[in-house]
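Participant: File name protein-v3.txt; file contents compact mmCIF, C-alpha atoms and all ligand atoms; full text below.
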```txt
# COMPACT_ATOMS: atom_id res chain seq x y z
CA MET Y 202 101.32 38.20 94.92
CA THR Y 203 98.97 41.18 94.63
CA ILE Y 204 100.71 44.53 94.26
CA SER Y 205 98.56 47.52 95.24
CA HIS Y 206 101.06 50.39 95.51
CA HIS Y 207 103.07 51.59 92.52
CA PRO Y 208 105.65 54.37 91.97
CA PRO Y 209 104.35 57.84 91.02
CA GLU Y 210 104.07 57.97 87.22
CA ASP Y 211 106.66 60.73 86.81
CA LEU Y 212 109.18 58.65 88.75
CA LEU Y 213 108.39 55.61 86.60
CA ALA Y 214 108.82 57.70 83.44
CA HIS Y 215 112.23 58.87 84.68
CA TYR Y 216 113.09 55.23 85.41
CA ALA Y 217 112.09 54.25 81.87
CA ALA Y 218 114.34 57.02 80.54
CA GLY Y 219 117.27 55.90 82.71
CA ALA Y 220 117.27 59.29 84.44
CA LEU Y 221 117.16 58.22 88.10
CA SER Y 222 120.00 57.98 90.59
CA GLU Y 223 121.53 54.53 91.03
CA ALA Y 224 119.76 54.03 94.39
CA GLU Y 225 116.33 55.08 93.09
CA HIS Y 226 116.81 53.04 89.93
CA LEU Y 227 117.56 49.95 91.99
CA VAL Y 228 114.41 50.25 94.11
CA ILE Y 229 112.16 50.91 91.11
CA ALA Y 230 113.82 48.05 89.19
CA VAL Y 231 113.03 45.63 92.03
CA HIS Y 232 109.38 46.73 92.01
CA VAL Y 233 109.11 46.61 88.20
CA ALA Y 234 110.65 43.11 88.09
CA ARG Y 235 107.65 41.92 90.11
CA CYS Y 236 104.94 44.20 88.73
CA ALA Y 237 103.36 43.36 85.38
CA ARG Y 238 101.48 46.69 85.31
CA CYS Y 239 104.64 48.79 85.70
CA GLN Y 240 106.47 46.61 83.17
CA ARG Y 241 103.77 47.48 80.63
CA PHE Y 242 104.02 51.17 81.59
CA VAL Y 243 107.80 51.19 81.09
CA ARG Y 244 107.48 49.42 77.73
CA THR Y 245 104.79 51.84 76.61
CA MET Y 246 106.83 54.88 77.68
CA GLY Y 247 109.67 53.60 75.50
CA GLU Y 248 107.30 53.17 72.54
CA LEU Y 249 105.77 56.59 73.17
CA ALA Y 250 109.18 58.24 73.26
CA CYS Y 251 110.00 56.71 69.86
CA ILE Y 252 106.68 57.96 68.43
CA ALA Y 253 107.12 61.44 69.93
CA LEU Y 254 110.55 61.75 68.36
CA THR Y 255 109.26 61.02 64.88
CA ASP Y 256 105.60 62.10 64.94
CA ALA Y 257 104.55 65.71 65.42
CA THR Y 258 100.97 64.53 66.13
CA ALA Y 259 101.97 62.55 69.24
CA PRO Y 260 99.38 62.98 72.04
CA GLU Y 261 100.05 65.76 74.55
CA SER Y 262 96.78 66.31 76.40
CA PRO Y 263 96.03 64.81 79.85
CA GLY Y 264 93.10 62.97 78.23
CA ALA Y 265 95.44 61.32 75.76
CA PHE Y 266 97.71 60.24 78.60
CA ALA Y 267 94.75 58.75 80.50
CA ALA Y 268 93.79 56.86 77.34
CA ILE Y 269 97.31 55.45 77.13
CA MET Y 270 97.12 54.33 80.76
CA ALA Y 271 93.74 52.69 80.13
CA ASP Y 272 95.27 50.91 77.15
CA ILE Y 273 98.12 49.67 79.36
CA ASP Y 274 95.58 48.18 81.77
CA ARG Y 275 93.76 46.41 78.92
CA ARG Y 276 96.88 44.74 77.53
CA PRO Y 277 97.38 41.03 78.25
CA ARG Y 278 99.23 40.38 81.46
CA THR Y 279 102.35 38.30 81.49
CA GLU Y 280 103.60 37.50 84.97
CA PRO Y 281 107.19 38.59 85.55
CA HIS Y 282 109.74 35.95 86.39
CA GLY Y 283 113.21 36.40 87.87
CA LYS Y 284 116.42 34.67 86.92
CA GLN Y 285 117.70 31.80 89.01
CA SER Y 286 120.18 33.09 91.52
CA THR Y 287 123.79 32.03 91.34
CA ARG Y 288 124.86 33.70 94.59
CA SER Y 289 126.32 31.36 97.18
CA ASP Y 290 125.06 33.41 100.17
CA PRO Y 291 121.65 31.82 100.87
CA GLU Y 292 120.30 35.07 102.32
CA LEU Y 293 121.26 37.03 99.20
CA ALA Y 294 120.07 34.23 96.93
CA GLU Y 295 116.52 34.90 98.12
CA LEU Y 296 116.65 38.54 97.03
CA PRO Y 297 115.06 39.74 93.76
CA GLU Y 298 117.22 39.55 90.65
CA PRO Y 299 118.21 43.27 90.42
CA LEU Y 300 119.76 42.96 93.89
CA GLN Y 301 121.77 39.89 92.96
CA ARG Y 302 124.34 42.08 91.22
CA CYS Y 303 124.86 44.33 94.27
CA GLU Y 304 127.53 44.30 96.93
CA PHE Y 305 126.40 44.63 100.55
CA GLY Y 306 127.86 45.87 103.81
CA GLU Y 307 127.38 44.06 107.11
CA TRP Y 308 124.10 43.94 109.05
CA ARG Y 309 124.00 46.72 111.64
CA TRP Y 310 121.70 47.24 114.65
CA VAL Y 311 119.48 50.33 114.41
CA ALA Y 312 116.98 49.99 117.24
CA PRO Y 313 115.27 47.12 119.08
CA GLY Y 314 113.78 44.87 116.39
CA LEU Y 315 115.37 46.81 113.51
CA THR Y 316 118.57 46.06 111.60
CA THR Y 317 119.96 47.50 108.39
CA ARG Y 318 122.43 46.43 105.73
CA SER Y 319 123.87 49.02 103.35
CA ILE Y 320 124.13 48.46 99.61
CA LEU Y 321 127.48 49.56 98.22
CA LEU Y 322 126.68 51.86 95.30
CA THR Y 323 128.72 54.49 93.52
CA PRO Y 324 128.81 57.29 96.13
CA ASP Y 325 126.97 60.41 94.95
CA GLY Y 326 127.06 62.09 98.34
CA LYS Y 327 123.30 62.40 98.43
CA ARG Y 328 121.26 59.25 98.05
CA ARG Y 329 121.85 55.86 99.66
CA ALA Y 330 120.24 52.45 99.46
CA PHE Y 331 119.93 49.80 102.14
CA LEU Y 332 117.94 46.83 103.36
CA LEU Y 333 115.87 47.29 106.51
CA HIS Y 334 114.73 44.25 108.49
CA GLY Y 335 112.03 44.55 111.12
CA GLU Y 336 110.88 41.91 113.57
CA PRO Y 337 107.12 41.27 113.84
CA GLY Y 338 105.31 44.06 115.69
CA THR Y 339 108.25 46.48 115.61
CA ARG Y 340 107.11 50.10 115.60
CA LEU Y 341 109.03 52.99 114.07
CA ILE Y 342 107.61 55.97 115.94
CA GLN Y 343 105.99 59.00 114.34
CA HIS Y 344 108.46 60.66 111.99
CA THR Y 345 108.89 62.71 108.88
CA HIS Y 346 111.84 63.03 106.49
CA THR Y 347 114.34 65.71 105.58
CA GLY Y 348 114.46 64.29 102.05
CA ASP Y 349 112.53 61.63 100.23
CA GLU Y 350 112.30 57.90 100.60
CA LEU Y 351 111.41 55.07 98.24
CA THR Y 352 110.59 51.74 99.87
CA CYS Y 353 109.94 48.42 98.16
CA VAL Y 354 108.72 45.58 100.37
CA LEU Y 355 110.74 42.43 99.69
CA LYS Y 356 109.17 40.18 102.31
CA GLY Y 357 106.40 40.47 104.89
CA SER Y 358 104.35 43.63 105.38
CA TYR Y 359 103.92 46.81 107.40
CA THR Y 360 101.17 49.35 107.97
CA ASP Y 361 101.05 53.11 108.37
CA HIS Y 362 98.11 55.43 109.03
CA THR Y 363 96.97 55.11 105.41
CA ASP Y 364 97.35 51.53 104.37
CA ARG Y 365 99.07 48.16 104.49
CA PHE Y 366 102.17 47.61 102.34
CA GLU Y 367 102.88 44.04 101.28
CA THR Y 368 105.50 42.17 99.28
CA GLY Y 369 106.19 43.98 96.00
CA ASP Y 370 104.48 47.23 97.01
CA LEU Y 371 106.28 50.53 96.47
CA ASP Y 372 105.88 53.28 99.10
CA PHE Y 373 106.97 56.87 98.36
CA SER Y 374 107.45 59.41 101.18
CA ASP Y 375 108.82 62.95 101.24
CA GLU Y 376 109.00 65.94 103.61
CA GLU Y 377 105.22 66.28 103.36
CA VAL Y 378 104.57 62.81 104.80
CA GLU Y 379 104.47 62.16 108.54
CA HIS Y 380 103.79 58.60 109.55
CA GLU Y 381 104.33 55.79 112.02
CA LEU Y 382 105.25 52.40 110.62
CA VAL Y 383 104.40 49.09 112.28
CA VAL Y 384 105.68 45.71 111.09
CA SER Y 385 102.78 43.26 110.86
CA ASP Y 386 102.55 40.65 113.61
CA ASP Y 387 102.46 37.69 111.24
CA GLY Y 388 106.16 37.72 110.38
CA PRO Y 389 109.34 39.76 109.87
CA CYS Y 390 109.46 42.42 107.17
CA LEU Y 391 112.37 43.07 104.80
CA CYS Y 392 112.42 46.29 102.77
CA LEU Y 393 114.71 47.85 100.20
CA ILE Y 394 114.99 51.62 100.68
CA ALA Y 395 116.52 54.50 98.74
CA MET Y 396 116.75 57.65 100.83
CA THR Y 397 118.02 61.21 100.89
CA GLY Y 398 118.29 63.14 104.15
CA ASP Y 399 117.32 61.61 107.48
CA LEU Y 400 114.36 60.71 109.61
CA ARG Y 401 113.03 63.42 111.91
CA LEU Y 402 111.42 61.72 114.90
CA ARG Y 403 108.50 63.41 116.66
CA GLY Y 404 107.87 64.00 120.35
CA MET Y 405 110.20 64.18 123.36
CA LEU Y 406 111.20 60.53 123.06
CA GLY Y 407 111.85 60.96 119.36
CA ARG Y 408 114.15 63.94 119.91
CA LEU Y 409 116.06 62.05 122.61
CA ILE Y 410 116.64 58.92 120.56
CA SER Y 411 117.17 60.63 117.18
CA PRO Y 412 120.99 60.60 117.53
CA PHE Y 413 120.84 56.81 117.93
CA ILE Y 414 118.83 56.18 114.77
CA ARG Y 415 121.27 56.02 111.89
CA LEU Y 416 119.77 54.77 108.65
ZN ZN T 501 103.87 48.63 89.78
```
Let's see the structure in the file written out as C-alpha cells.

Facilitator:
Amino acid sequence: MTISHHPPEDLLAHYAAGALSEAEHLVIAVHVARCARCQRFVRTMGELACIALTDATAPESPGAFAAIMADIDRRPRTEPHGKQSTRSDPELAELPEPLQRCEFGEWRWVAPGLTTRSILLTPDGKRRAFLLHGEPGTRLIQHTHTGDELTCVLKGSYTDHTDRFETGDLDFSDEEVEHELVVSDDGPCLCLIAMTGDLRLRGMLGRLISPFIRL
C-alpha cells in the first residue's frame, strides 16, 4: 500500500498531543495506524515536546523544523501492523484496528450508489464520524462545505479535480475547497469521515436535492 496524502502537520501535532475531538482523533488514528511516515512524525513530536520542556535551546526556527522533518524521512521504516480482530461481525472485522473498538449505527441510504453508517461517539454537538460507501463510478456532484472534513480511505479509491485518493490516504477539506468526487470504476470505495457542518451542493440540481443529502 502506497500512501500519498497525509494530514496537515498542525493537525498531526494536535493528534500527537491528544488535543483533537474524538471524531478527528479516530480518523487520524486510522491513517497513522497504516502510515509509517506519520507514525515517525507522531513519535518525534512526543520526543520534541519532552526536549522543549527541559531544554531552553530547543529549535524554534522553520529551518530547524524542516531539518526535523528531513530526519524523520531518513529514519528506518517499520511497516505498521494491526491487531487481529476479535469482532464477530465479518464486515466490522475487516476494518482497521482503531475502528474495532467503536459502536456503529445501521447502514442508511444517502443517494443512488451511496450509503452511510454512523459511528456512535460521545456527542459534542459539533463533529460527527461515519463510514461512507460508494459504488464504482458514483459521482458526488460539485460541492463545498460549511465546516471541515477529514476523510481516510479504507478501501478502494476516488478522484477529485486535484488527485486520486487511495487506501490509507487522508484527504482534508474545508470551506475553501470546492470539489466533485468520483468513485473509481474498478471497485467500491469505503471511507471514514469526520465532519462539521454540511455539504453545500452547487447548481440548480444541487440546490434541489440538498435537502435529501443527509450525511
Ligand atoms: Zn501519513

Participant: Within 12 Å of Y:Asp386, counting only C-alpha atoms, which residues show up once you throw out same-chain ones fewer than 6 positions away? Write them as a list in words, please.

Facilitator: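 Selected residues are Gly335, Glu336, Pro337, Gly338, Thr339, Arg340, Gly357, Ser358, Tyr359 and Thr360 of chain Y.
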
Participant: Counting only C-alpha atoms and all ligand atoms, which residue out of Y:Ser222, Y:Thr345, Y:Thr368, Y:Ser374 sits closest to ligand ZN 501 (chain T)?

Facilitator: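 Nearest candidate to ligand ZN 501 (chain T) out of Y:Ser222, Y:Thr345, Y:Thr368, Y:Ser374: Y:Thr368.
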
Participant: So which residues are near ligand ZN 501 (chain T), meaning at most 9 Å away with all atoms listed in the file counted, given back as a PDB file with C-alpha atoms, in the coordinates of the input?

Facilitator:
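What landed in result_6.pdb:
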```
ATOM      1  CA  ILE Y 204     100.710  44.530  94.260  1.00  0.00           C
ATOM      2  CA  SER Y 205      98.560  47.520  95.240  1.00  0.00           C
ATOM      3  CA  HIS Y 206     101.060  50.390  95.510  1.00  0.00           C
ATOM      4  CA  HIS Y 207     103.070  51.590  92.520  1.00  0.00           C
ATOM      5  CA  PRO Y 208     105.650  54.370  91.970  1.00  0.00           C
ATOM      6  CA  LEU Y 213     108.390  55.610  86.600  1.00  0.00           C
ATOM      7  CA  ILE Y 229     112.160  50.910  91.110  1.00  0.00           C
ATOM      8  CA  HIS Y 232     109.380  46.730  92.010  1.00  0.00           C
ATOM      9  CA  VAL Y 233     109.110  46.610  88.200  1.00  0.00           C
ATOM     10  CA  ALA Y 234     110.650  43.110  88.090  1.00  0.00           C
ATOM     11  CA  ARG Y 235     107.650  41.920  90.110  1.00  0.00           C
ATOM     12  CA  CYS Y 236     104.940  44.200  88.730  1.00  0.00           C
ATOM     13  CA  ALA Y 237     103.360  43.360  85.380  1.00  0.00           C
ATOM     14  CA  ARG Y 238     101.480  46.690  85.310  1.00  0.00           C
ATOM     15  CA  CYS Y 239     104.640  48.790  85.700  1.00  0.00           C
ATOM     16  CA  GLN Y 240     106.470  46.610  83.170  1.00  0.00           C
ATOM     17  CA  PHE Y 242     104.020  51.170  81.590  1.00  0.00           C
ATOM     18  CA  GLY Y 369     106.190  43.980  96.000  1.00  0.00           C
ATOM     19  CA  ASP Y 370     104.480  47.230  97.010  1.00  0.00           C
ATOM     20  CA  LEU Y 371     106.280  50.530  96.470  1.00  0.00           C
TER      21      LEU Y 371
END
```

Participant: Under the rule of at most 12 Å, produce a per-residue listing of stretch 287-310 of chain Y near stretch 388-395 of chain Y: chain, number, name, the closest pair of atoms, and the distance in Å, as JSON lines, using all atoms listed in the file.

Facilitator:
```
{"residue": "Y:Glu292", "atom": "CA", "partner": "Y:Leu391", "partner_atom": "CA", "distance": 11.5}
{"residue": "Y:Glu295", "atom": "CA", "partner": "Y:Leu391", "partner_atom": "CA", "distance": 11.3}
{"residue": "Y:Leu296", "atom": "CA", "partner": "Y:Leu391", "partner_atom": "CA", "distance": 10.0}
{"residue": "Y:Pro297", "atom": "CA", "partner": "Y:Leu393", "partner_atom": "CA", "distance": 10.4}
{"residue": "Y:Pro299", "atom": "CA", "partner": "Y:Leu393", "partner_atom": "CA", "distance": 11.4}
{"residue": "Y:Leu300", "atom": "CA", "partner": "Y:Leu393", "partner_atom": "CA", "distance": 9.4}
```

Participant: So the first atom is atom CA of Y:Glu381 and the second is atom CA of Y:His344; what is the distance between them in Å, to one decimal place?

Facilitator: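 Spanning atom CA of Y:Glu381 to atom CA of Y:His344 is a straight-line distance of 6.4 Å.
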
Participant: Give the answer as one residue: which of Y:Gly398, Y:Gly247, Y:Glu210, Y:Phe305 has the shortest atom-to-atom distance to Y:Thr317, using all atoms listed in the file?

Facilitator: Y:Phe305

Participant: Report the distance between atom CA of Y:Val243 and atom CA of Y:Gly348 in Å, rounded to one decimal place.

Facilitator: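 Computing it gives 25.6 Å between the two atoms.
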
Participant: So the first atom is atom CA of Y:His380 and the second is atom CA of Y:His226; what is the distance between them in Å, to one decimal place?

Facilitator: 24.2 Å

Participant: When distances are computed from all atoms listed in the file, which of Y:Arg241, Y:Phe373, Y:His334, Y:Leu341 shows the smallest separation from Y:Leu212?

Facilitator: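 So, comparing all the options, the nearest one is Y:Phe373.
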
Participant: Taking all atoms listed in the file into account, name the residue in Y:Leu221, Y:Met246, Y:Ile320, Y:Ala230 that is nearest to Y:Leu293.

Facilitator: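 For Y:Leu293, the nearest of the given residues is Y:Ile320.
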
Participant: I'd like to know which of Y:Cys353, Y:Ala330, Y:Val383, Y:Leu249 is closest to Y:Gly314, using only C-alpha atoms.

Facilitator: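 The answer is Y:Val383, which sits nearest to Y:Gly314.
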
Participant: Between Y:Val311, Y:Val354, Y:Ala217, Y:Ala224, which has the minimum distance to Y:Phe331 (counting all atoms listed in the file)?

Facilitator: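 Between Y:Val311, Y:Val354, Y:Ala217, Y:Ala224, the residue approaching Y:Phe331 most closely is Y:Ala224.
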